[in-house]
Amino acid sequence: MESRYGKVVLVTGASSGIGKAIAERLANEGFRVYGTSRKAEGEEVIIEETASGGFFKLINLDVRSNESAQKAAAYVTEKEGSIDILINNAGFGISGPIEETTPEEAISQFDTNFFGMHRMVRSVLPGMRERGKGLIINISSVAGLFALPYQAFYCASKYAVEAFSEALRMEVKDFGIKVSLIEPGDTKTGFTQNRYFCEGSKHSAYKRSQMSVEKMMRDEQNGPGPEIIANVVVRILKRKNPPVRVIAGFSYKLLVFLKRLLPSRLVVFLVSKIY
Ligand SMILES: NC(=O)c1ccc[n+]([C@@H]2O[C@H](COP(=O)([O-])OP(=O)(O)OC[C@H]3O[C@@H](n4cnc5c(N)ncnc54)[C@H](OP(=O)(O)O)[C@@H]3O)[C@@H](O)[C@H]2O)c1
């Protein structure tokens with residue numbers, strides 16, 4: 001990995017799951033790592049020790065706030081002089097049929113998963129442009145490539161992350177800034193427990209929705225641990241020209257490949273049979 005020592009990384013949502021695994025791994029690899037959590041209050045800095053004796057610092061961030069995003073980026077820049085790598089990972093999932101989801105619930109999904117990422121990107125880009133280098137990795141999802149029933153707003157927020165990241169990659173290229181996407185599949189993290197169920201779906205008219213979401217939750221908890229996504233990040237950091245996207249796991253790569261080959265009608269039929 002090219003001169004990783006001293007490189008400064010900011011990972012959003014590093015209190016658990018994928019973000020925590022990435023922060024721990026990069027701290028062990030010799031990066032100077034700042035993670036974020038809403039649980040670190042105010043100016044508080046929580047030192048998170050890794051099993052291998054490394055550590056990273058957890059600072060406050062709520063990606064739903066412009067002020068909080070600016071403050072977190074300014075804090076790291078003031079302490080370290082720069083942010084070399086931003087990993088936009090903070091996110092959660094909402095479930096429920098489209099009809100039974102209120103616009104406010106749908107907006108809250110986008111506020112964190114999509115606009116939160118936009119806020120963070122805006123907070124770090126001036127510094128990266130000034131230095132003529134930087135890397136932004138956005139954690140999307142296989143659900144950003146495959147729409148699932150009763151997860152429409154989660155999938156839509158991740159489809160939006162996909163389009164945003166491709167456009168961003170083209171916009172910032174001339175400033176020496178690189179952008180990559182990672183699409184994890186089902187991963188065993190706090191995501192399942194932190195899922196938000198739309199109020200209107202509690203007594204749903206859509207009889208299949210509960211069964212379908214329960215299957216997704218089982219699949220997540222039967223999935224591999226978040227360390228596999230940390231491995232993908234490390235692989236991206238080794239590349240001089242990071243890829244546009246990395247789909248995590250061979251079976252998901254195969255599914256996405258098949259989706260490109262098969263007629264859409266057949267893909268939608270097969271997904272609706274599974275869920
Ligand atoms: N697990 C999966 O199967 C899976 C699959 C594909 C993609 N993903 C994506 O991976 C990312 C990480 O999810 P995970 O699976 O690791 O779930 P997780 O264990 O629930 O972790 C989510 C992280 O996001 C943070 N977060 C949530 N809302 C936030 C907000 N408003 N502001 C700042 N931070 C916020 C949480 O931090 P605090 O609560 O401490 O603030 C937490 O650290 C998400 O973007 C998710 O969509 C997950």
# chains A, B, ... in the order shown; residues from 1 in each chain; ligands from 1

call {"tool": "residues_around", "arguments": {"residues": "range 169-184 of chain A", "least_positions_apart": "2", "cutoff": "7 Å", "atoms": "only C-alpha atoms", "output": "list in words"}}
result
Arg129, Gly132, Lys133, Gly134, Leu135, Ile136, Ile137, Asn138, Ile139, Ser140, Ser141, Val142, Ser165, Glu166, Ala167, Asp186, Ile229, Pro242, Pro243, Val244, Arg245, Val246, Ile247 and Ala248 of chain A

call {"tool": "select_by_dssp", "arguments": {"residues": "range 81-261 of chain A", "states": "alpha helix (DSSP H)", "output": "PDB file with C-alpha atoms, in the first residue's frame"}}
result
ATOM      1  CA  PRO A 103     -43.173  10.985   2.683  1.00  0.00           C
ATOM      2  CA  GLU A 104     -41.542  12.006   5.986  1.00  0.00           C
ATOM      3  CA  GLU A 105     -40.304   8.451   6.585  1.00  0.00           C
ATOM      4  CA  ALA A 106     -39.022   8.239   3.016  1.00  0.00           C
ATOM      5  CA  ILE A 107     -37.264  11.612   3.362  1.00  0.00           C
ATOM      6  CA  SER A 108     -35.580  10.481   6.589  1.00  0.00           C
ATOM      7  CA  GLN A 109     -34.091   7.515   4.713  1.00  0.00           C
ATOM      8  CA  PHE A 110     -32.635   9.796   2.051  1.00  0.00           C
ATOM      9  CA  GLY A 116     -25.663  12.669   4.574  1.00  0.00           C
ATOM     10  CA  MET A 117     -23.094  11.490   2.057  1.00  0.00           C
ATOM     11  CA  HIS A 118     -23.536  14.719   0.050  1.00  0.00           C
ATOM     12  CA  ARG A 119     -22.956  16.798   3.206  1.00  0.00           C
ATOM     13  CA  MET A 120     -19.744  14.914   4.000  1.00  0.00           C
ATOM     14  CA  VAL A 121     -18.459  15.156   0.441  1.00  0.00           C
ATOM     15  CA  ARG A 122     -19.049  18.933   0.459  1.00  0.00           C
ATOM     16  CA  SER A 123     -17.180  19.185   3.774  1.00  0.00           C
ATOM     17  CA  VAL A 124     -13.999  17.473   2.561  1.00  0.00           C
ATOM     18  CA  LEU A 125     -13.784  18.492  -1.105  1.00  0.00           C
ATOM     19  CA  PRO A 126     -12.384  22.032  -0.633  1.00  0.00           C
ATOM     20  CA  GLY A 127      -9.363  20.619   1.237  1.00  0.00           C
ATOM     21  CA  MET A 128      -8.883  17.756  -1.212  1.00  0.00           C
ATOM     22  CA  ARG A 129      -9.093  20.115  -4.209  1.00  0.00           C
ATOM     23  CA  GLU A 130      -6.577  22.466  -2.632  1.00  0.00           C
ATOM     24  CA  ARG A 131      -4.092  19.620  -2.157  1.00  0.00           C
ATOM     25  CA  ALA A 152     -38.128   0.513  -1.917  1.00  0.00           C
ATOM     26  CA  PHE A 153     -36.810   3.607  -0.151  1.00  0.00           C
ATOM     27  CA  TYR A 154     -33.666   1.897   1.099  1.00  0.00           C
ATOM     28  CA  CYS A 155     -32.975   0.621  -2.419  1.00  0.00           C
ATOM     29  CA  ALA A 156     -33.820   4.022  -3.943  1.00  0.00           C
ATOM     30  CA  SER A 157     -31.419   5.769  -1.539  1.00  0.00           C
ATOM     31  CA  LYS A 158     -28.646   3.372  -2.581  1.00  0.00           C
ATOM     32  CA  TYR A 159     -29.479   3.677  -6.313  1.00  0.00           C
ATOM     33  CA  ALA A 160     -29.085   7.423  -5.707  1.00  0.00           C
ATOM     34  CA  VAL A 161     -25.695   6.822  -4.040  1.00  0.00           C
ATOM     35  CA  GLU A 162     -24.662   4.919  -7.185  1.00  0.00           C
ATOM     36  CA  ALA A 163     -25.578   7.738  -9.600  1.00  0.00           C
ATOM     37  CA  PHE A 164     -24.085  10.399  -7.318  1.00  0.00           C
ATOM     38  CA  SER A 165     -20.788   8.532  -7.000  1.00  0.00           C
ATOM     39  CA  GLU A 166     -20.383   7.960 -10.734  1.00  0.00           C
ATOM     40  CA  ALA A 167     -21.081  11.653 -11.429  1.00  0.00           C
ATOM     41  CA  LEU A 168     -18.761  12.756  -8.604  1.00  0.00           C
ATOM     42  CA  ARG A 169     -15.968  10.571  -9.965  1.00  0.00           C
ATOM     43  CA  MET A 170     -16.169  12.407 -13.289  1.00  0.00           C
ATOM     44  CA  GLU A 171     -16.445  15.872 -11.695  1.00  0.00           C
ATOM     45  CA  VAL A 172     -13.438  15.635  -9.363  1.00  0.00           C
ATOM     46  CA  LYS A 207     -49.662  -9.807   3.470  1.00  0.00           C
ATOM     47  CA  ARG A 208     -46.311 -10.857   2.014  1.00  0.00           C
ATOM     48  CA  SER A 209     -44.377  -7.888   3.372  1.00  0.00           C
ATOM     49  CA  GLN A 210     -43.685  -9.263   6.841  1.00  0.00           C
ATOM     50  CA  MET A 211     -42.502 -12.641   5.564  1.00  0.00           C
ATOM     51  CA  SER A 212     -40.373 -10.974   2.945  1.00  0.00           C
ATOM     52  CA  VAL A 213     -38.655  -8.572   5.368  1.00  0.00           C
ATOM     53  CA  GLU A 214     -38.131 -11.413   7.858  1.00  0.00           C
ATOM     54  CA  LYS A 215     -36.307 -13.346   5.138  1.00  0.00           C
ATOM     55  CA  MET A 216     -34.076 -10.341   4.427  1.00  0.00           C
ATOM     56  CA  MET A 217     -33.305 -10.016   8.139  1.00  0.00           C
ATOM     57  CA  ARG A 218     -32.418 -13.713   8.390  1.00  0.00           C
ATOM     58  CA  ASP A 219     -30.188 -13.426   5.325  1.00  0.00           C
ATOM     59  CA  GLU A 220     -28.367 -10.446   6.863  1.00  0.00           C
ATOM     60  CA  GLN A 221     -27.751 -12.260  10.125  1.00  0.00           C
ATOM     61  CA  GLU A 227     -14.433  -7.731   8.032  1.00  0.00           C
ATOM     62  CA  ILE A 228     -14.893  -8.785   4.401  1.00  0.00           C
ATOM     63  CA  ILE A 229     -15.837  -5.201   3.520  1.00  0.00           C
ATOM     64  CA  ALA A 230     -12.767  -3.925   5.376  1.00  0.00           C
ATOM     65  CA  ASN A 231     -10.723  -6.265   3.135  1.00  0.00           C
ATOM     66  CA  VAL A 232     -12.332  -4.690   0.056  1.00  0.00           C
ATOM     67  CA  VAL A 233     -11.384  -1.209   1.328  1.00  0.00           C
ATOM     68  CA  VAL A 234      -7.776  -2.305   1.814  1.00  0.00           C
ATOM     69  CA  ARG A 235      -7.719  -3.700  -1.743  1.00  0.00           C
ATOM     70  CA  ILE A 236      -9.054  -0.387  -3.112  1.00  0.00           C
ATOM     71  CA  LEU A 237      -6.424   1.569  -1.176  1.00  0.00           C
ATOM     72  CA  LYS A 238      -3.681  -0.506  -2.828  1.00  0.00           C
ATOM     73  CA  PHE A 250     -18.567 -13.774  -5.839  1.00  0.00           C
ATOM     74  CA  SER A 251     -22.276 -14.752  -5.685  1.00  0.00           C
ATOM     75  CA  TYR A 252     -23.349 -11.088  -5.809  1.00  0.00           C
ATOM     76  CA  LYS A 253     -20.951 -10.396  -8.683  1.00  0.00           C
ATOM     77  CA  LEU A 254     -22.584 -13.291 -10.535  1.00  0.00           C
ATOM     78  CA  LEU A 255     -26.103 -12.005  -9.791  1.00  0.00           C
ATOM     79  CA  VAL A 256     -25.270  -8.531 -11.091  1.00  0.00           C
ATOM     80  CA  PHE A 257     -23.686 -10.060 -14.189  1.00  0.00           C
ATOM     81  CA  LEU A 258     -26.845 -12.147 -14.789  1.00  0.00           C
ATOM     82  CA  LYS A 259     -29.042  -9.083 -14.299  1.00  0.00           C
ATOM     83  CA  ARG A 260     -27.214  -7.432 -17.198  1.00  0.00           C
ATOM     84  CA  LEU A 261     -27.794 -10.468 -19.418  1.00  0.00           C
TER      85      LEU A 261
END

call {"tool": "residues_around", "arguments": {"residues": "range 8-10 of chain A", "least_positions_apart": "5", "cutoff": "10 Å", "atoms": "only C-alpha atoms", "output": "PyMOL selection string"}}
result
chain A and resi 23+26-27+30-36+56-59+72-73+76-77+80-88+120+124+135-136

call {"tool": "select_by_dssp", "arguments": {"residues": "range 31-185 of chain A", "states": "strand (DSSP E or B)", "output": "MDAnalysis selection string"}}
result
chainID A and resid 32:37 46:49 55:60 85:88 94:95 134:139 177:183

call {"tool": "write_last_selection", "arguments": {"atoms": "C-alpha atoms", "output": "mmCIF file, in the first residue's frame"}}
result
data_model
loop_
_atom_site.group_PDB
_atom_site.id
_atom_site.type_symbol
_atom_site.label_atom_id
_atom_site.label_comp_id
_atom_site.auth_asym_id
_atom_site.auth_seq_id
_atom_site.Cartn_x
_atom_site.Cartn_y
_atom_site.Cartn_z
ATOM 1 C CA ARG A 32 -4.500 7.716 11.248
ATOM 2 C CA VAL A 33 -8.178 6.931 11.605
ATOM 3 C CA TYR A 34 -11.095 9.031 12.797
ATOM 4 C CA GLY A 35 -14.461 7.317 13.054
ATOM 5 C CA THR A 36 -17.758 8.957 13.863
ATOM 6 C CA SER A 37 -20.804 8.256 15.992
ATOM 7 C CA ILE A 46 -13.675 8.268 22.391
ATOM 8 C CA ILE A 47 -10.558 6.156 21.904
ATOM 9 C CA GLU A 48 -11.493 2.794 20.390
ATOM 10 C CA GLU A 49 -8.777 0.180 20.816
ATOM 11 C CA PHE A 55 -6.621 2.486 18.004
ATOM 12 C CA PHE A 56 -8.873 5.000 16.279
ATOM 13 C CA LYS A 57 -10.672 8.075 17.520
ATOM 14 C CA LEU A 58 -14.446 8.338 17.536
ATOM 15 C CA ILE A 59 -15.865 11.859 17.180
ATOM 16 C CA ASN A 60 -19.412 13.202 17.034
ATOM 17 C CA ILE A 85 -9.563 9.543 2.583
ATOM 18 C CA LEU A 86 -13.277 9.864 3.321
ATOM 19 C CA ILE A 87 -15.320 6.692 3.713
ATOM 20 C CA ASN A 88 -19.044 7.435 3.623
ATOM 21 C CA ILE A 94 -36.258 1.319 6.391
ATOM 22 C CA SER A 95 -38.771 -1.372 5.485
ATOM 23 C CA GLY A 134 -7.906 12.574 -2.135
ATOM 24 C CA LEU A 135 -10.007 9.460 -2.176
ATOM 25 C CA ILE A 136 -13.706 9.094 -1.402
ATOM 26 C CA ILE A 137 -15.218 5.635 -0.919
ATOM 27 C CA ASN A 138 -19.000 5.441 -0.725
ATOM 28 C CA ILE A 139 -20.582 2.386 0.875
ATOM 29 C CA ILE A 177 -9.491 13.133 -6.468
ATOM 30 C CA LYS A 178 -10.668 9.539 -6.854
ATOM 31 C CA VAL A 179 -14.070 8.057 -6.069
ATOM 32 C CA SER A 180 -15.059 4.413 -5.601
ATOM 33 C CA LEU A 181 -18.193 2.564 -4.611
ATOM 34 C CA ILE A 182 -18.457 -0.617 -2.560
ATOM 35 C CA GLU A 183 -21.612 -2.720 -2.799
#

call {"tool": "residues_near_ligand", "arguments": {"ligand": "ligand 1", "cutoff": "7 Å", "atoms": "only C-alpha atoms and all ligand atoms", "output": "PyMOL selection string"}}
result
chain A and resi 12-20+36-39+61-64+89-93+112-113+139-143+183-192+194+220

call {"tool": "closest_residue", "arguments": {"among": "A:Val45, A:Ala40, A:Ala51, A:Cys198", "to": "Arg25 in chain A", "atoms": "only C-alpha atoms"}}
result
A:Ala51

call {"tool": "atom_distance", "arguments": {"atom1": "CA of Asn28 in chain A", "atom2": "CA of Pro226 in chain A"}}
result
15.6 Å

call {"tool": "decode", "arguments": {"residues": "range 12-151 of chain A", "atoms": "C-alpha atoms", "output": "short mmCIF file (atom, residue, chain, number, x, y, z; two decimals), in the first residue's frame"}}
result
data_model
loop_
_atom_site.label_atom_id
_atom_site.label_comp_id
_atom_site.auth_asym_id
_atom_site.auth_seq_id
_atom_site.Cartn_x
_atom_site.Cartn_y
_atom_site.Cartn_z
CA THR A 12 -18.59 7.86 9.05
CA GLY A 13 -20.67 5.51 11.20
CA ALA A 14 -17.76 3.70 12.86
CA SER A 15 -19.50 2.78 16.11
CA SER A 16 -20.56 -0.63 14.80
CA GLY A 17 -20.72 -3.02 11.86
CA ILE A 18 -18.99 -2.25 8.59
CA GLY A 19 -17.71 1.21 9.60
CA LYS A 20 -16.16 -0.13 12.79
CA ALA A 21 -14.52 -3.04 10.95
CA ILE A 22 -13.06 -0.64 8.37
CA ALA A 23 -11.80 1.78 11.05
CA GLU A 24 -10.19 -1.04 13.06
CA ARG A 25 -8.56 -2.58 10.01
CA LEU A 26 -7.14 0.71 8.74
CA ALA A 27 -5.89 1.63 12.21
CA ASN A 28 -4.06 -1.71 12.30
CA GLU A 29 -2.67 -1.02 8.81
CA GLY A 30 -1.00 2.20 10.01
CA PHE A 31 -3.49 4.87 8.94
CA ARG A 32 -4.50 7.72 11.25
CA VAL A 33 -8.18 6.93 11.61
CA TYR A 34 -11.10 9.03 12.80
CA GLY A 35 -14.46 7.32 13.05
CA THR A 36 -17.76 8.96 13.86
CA SER A 37 -20.80 8.26 15.99
CA ARG A 38 -23.77 10.19 17.29
CA LYS A 39 -22.91 8.61 20.63
CA ALA A 40 -19.71 10.66 21.00
CA GLU A 41 -21.28 13.79 22.44
CA GLY A 42 -20.15 17.36 21.78
CA GLU A 43 -16.38 17.71 21.85
CA GLU A 44 -15.92 14.24 23.33
CA VAL A 45 -13.33 11.98 21.65
CA ILE A 46 -13.68 8.27 22.39
CA ILE A 47 -10.56 6.16 21.90
CA GLU A 48 -11.49 2.79 20.39
CA GLU A 49 -8.78 0.18 20.82
CA THR A 50 -8.48 -2.61 18.28
CA ALA A 51 -7.78 -6.26 19.14
CA SER A 52 -4.29 -5.91 17.61
CA GLY A 53 -3.31 -3.04 19.89
CA GLY A 54 -4.06 -0.23 17.41
CA PHE A 55 -6.62 2.49 18.00
CA PHE A 56 -8.87 5.00 16.28
CA LYS A 57 -10.67 8.08 17.52
CA LEU A 58 -14.45 8.34 17.54
CA ILE A 59 -15.86 11.86 17.18
CA ASN A 60 -19.41 13.20 17.03
CA LEU A 61 -21.29 13.31 13.74
CA ASP A 62 -24.89 13.26 12.69
CA VAL A 63 -24.86 13.24 8.89
CA ARG A 64 -28.37 14.71 8.87
CA SER A 65 -26.94 18.08 9.93
CA ASN A 66 -24.92 20.43 7.69
CA GLU A 67 -23.32 21.96 10.76
CA SER A 68 -22.35 18.60 12.22
CA ALA A 69 -20.80 17.47 8.91
CA GLN A 70 -18.76 20.68 8.60
CA LYS A 71 -17.70 20.49 12.25
CA ALA A 72 -16.50 16.88 12.05
CA ALA A 73 -14.44 17.54 8.91
CA ALA A 74 -13.04 20.80 10.37
CA TYR A 75 -12.07 19.01 13.60
CA VAL A 76 -10.05 16.33 11.80
CA THR A 77 -8.45 18.86 9.44
CA GLU A 78 -7.45 21.07 12.38
CA LYS A 79 -5.90 18.15 14.27
CA GLU A 80 -4.22 16.44 11.32
CA GLY A 81 -3.79 19.11 8.65
CA SER A 82 -5.81 17.19 6.06
CA ILE A 83 -8.32 14.44 5.35
CA ASP A 84 -6.80 12.15 2.74
CA ILE A 85 -9.56 9.54 2.58
CA LEU A 86 -13.28 9.86 3.32
CA ILE A 87 -15.32 6.69 3.71
CA ASN A 88 -19.04 7.43 3.62
CA ASN A 89 -20.54 4.50 5.46
CA ALA A 90 -23.19 5.89 7.86
CA GLY A 91 -26.61 4.54 7.00
CA PHE A 92 -29.64 2.54 8.01
CA GLY A 93 -32.55 0.75 6.36
CA ILE A 94 -36.26 1.32 6.39
CA SER A 95 -38.77 -1.37 5.49
CA GLY A 96 -42.41 -1.30 4.52
CA PRO A 97 -44.62 -1.19 1.44
CA ILE A 98 -44.41 2.01 -0.60
CA GLU A 99 -48.10 2.82 -0.05
CA GLU A 100 -47.73 2.51 3.72
CA THR A 101 -44.57 4.66 3.93
CA THR A 102 -45.13 8.36 4.63
CA PRO A 103 -43.17 10.99 2.68
CA GLU A 104 -41.54 12.01 5.99
CA GLU A 105 -40.30 8.45 6.58
CA ALA A 106 -39.02 8.24 3.02
CA ILE A 107 -37.26 11.61 3.36
CA SER A 108 -35.58 10.48 6.59
CA GLN A 109 -34.09 7.52 4.71
CA PHE A 110 -32.63 9.80 2.05
CA ASP A 111 -31.53 12.37 4.62
CA THR A 112 -29.10 9.90 6.16
CA ASN A 113 -28.12 7.55 3.33
CA PHE A 114 -27.97 10.04 0.48
CA PHE A 115 -27.91 13.66 1.66
CA GLY A 116 -25.66 12.67 4.57
CA MET A 117 -23.09 11.49 2.06
CA HIS A 118 -23.54 14.72 0.05
CA ARG A 119 -22.96 16.80 3.21
CA MET A 120 -19.74 14.91 4.00
CA VAL A 121 -18.46 15.16 0.44
CA ARG A 122 -19.05 18.93 0.46
CA SER A 123 -17.18 19.18 3.77
CA VAL A 124 -14.00 17.47 2.56
CA LEU A 125 -13.78 18.49 -1.11
CA PRO A 126 -12.38 22.03 -0.63
CA GLY A 127 -9.36 20.62 1.24
CA MET A 128 -8.88 17.76 -1.21
CA ARG A 129 -9.09 20.12 -4.21
CA GLU A 130 -6.58 22.47 -2.63
CA ARG A 131 -4.09 19.62 -2.16
CA GLY A 132 -4.85 18.14 -5.57
CA LYS A 133 -5.51 14.66 -4.18
CA GLY A 134 -7.91 12.57 -2.13
CA LEU A 135 -10.01 9.46 -2.18
CA ILE A 136 -13.71 9.09 -1.40
CA ILE A 137 -15.22 5.64 -0.92
CA ASN A 138 -19.00 5.44 -0.72
CA ILE A 139 -20.58 2.39 0.87
CA SER A 140 -23.58 1.58 -1.27
CA SER A 141 -25.24 -1.86 -1.35
CA VAL A 142 -26.20 -4.63 -3.73
CA ALA A 143 -29.63 -3.07 -3.08
CA GLY A 144 -28.31 -0.12 -5.09
CA LEU A 145 -28.18 -2.42 -8.12
CA PHE A 146 -31.17 -4.68 -7.41
CA ALA A 147 -34.53 -3.31 -6.22
CA LEU A 148 -36.26 -5.36 -3.54
CA PRO A 149 -39.95 -5.26 -2.58
CA TYR A 150 -40.82 -3.63 0.78
CA GLN A 151 -37.38 -2.00 0.83
#
